[in-house]
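Just below is one structure, and these are the notes that go with it.
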Amino acid sequence: MGGDVGGSRGRPPKGYKRSDERIREDICDQISDHPDLDASDVEVKVQNGEVVLTGTVRERRFKHQLETLAERISGVTDVRNEIRLYREQQQQGEAKTGGLSSSERSTSERSTAGATGAAAGTSGGATSIGATSTSETKNNESRRNAS
């Protein structure tokens, strides 16, 4: 503790501590000095020398470059990199939904639920199994809710 995370600088005078604002400014200046580094959706916060990086970047290398850059700043005691890869967020959403749109997903989920209920012999009347359009599905739901 008390030293830099990744620097090879001398030791400061006893009791000296860089302000969080100055650390933040240095990090932001260093980011700005890298024209190939896109950090337009990244936020830098500093509290008690601990840097927290949040937001999104379009390339994984940007995430790692930002963390490395922050570690090199004098006064930084720790870096928490909470930056997410923009591309990952989109892919995760598609993976969870199987690539279906929200309306396709809800129709599919209702069909599956209806098939499960019918197979188990539960009451429920009409299900959306075999429904070929959204209007047929809505009609089936209306009948189900009415009974």
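Ligands are numbered from 1 in the order shown, residues from 1 within each chain, and chains are lettered A, B, ... in the order they appear in the structure tokens.
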For this session: Determine, counting only C-alpha atoms, which protein, DNA and RNA residues have an atom within 8 Å of an atom of range 49-65 of chain A; residues of the same chain fewer than 4 positions away are not included. Present the result as a PyMOL selection string.
Result: chain A and resi 18-20+23+37-39+41-45+69-70+75-87
Exercise. How many Å separate CA of Gly10 in chain A from CA of Ser74 in chain A?
Worked result: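 Between these atoms lies a distance of 10.2 Å.
Taking CA of Ile73 in chain A and CA of His34 in chain A as the two end points, the separation is 14.9 Å.
The coordinates place CA of Lys17 in chain A at 28.9 Å from CA of Ser40 in chain A.
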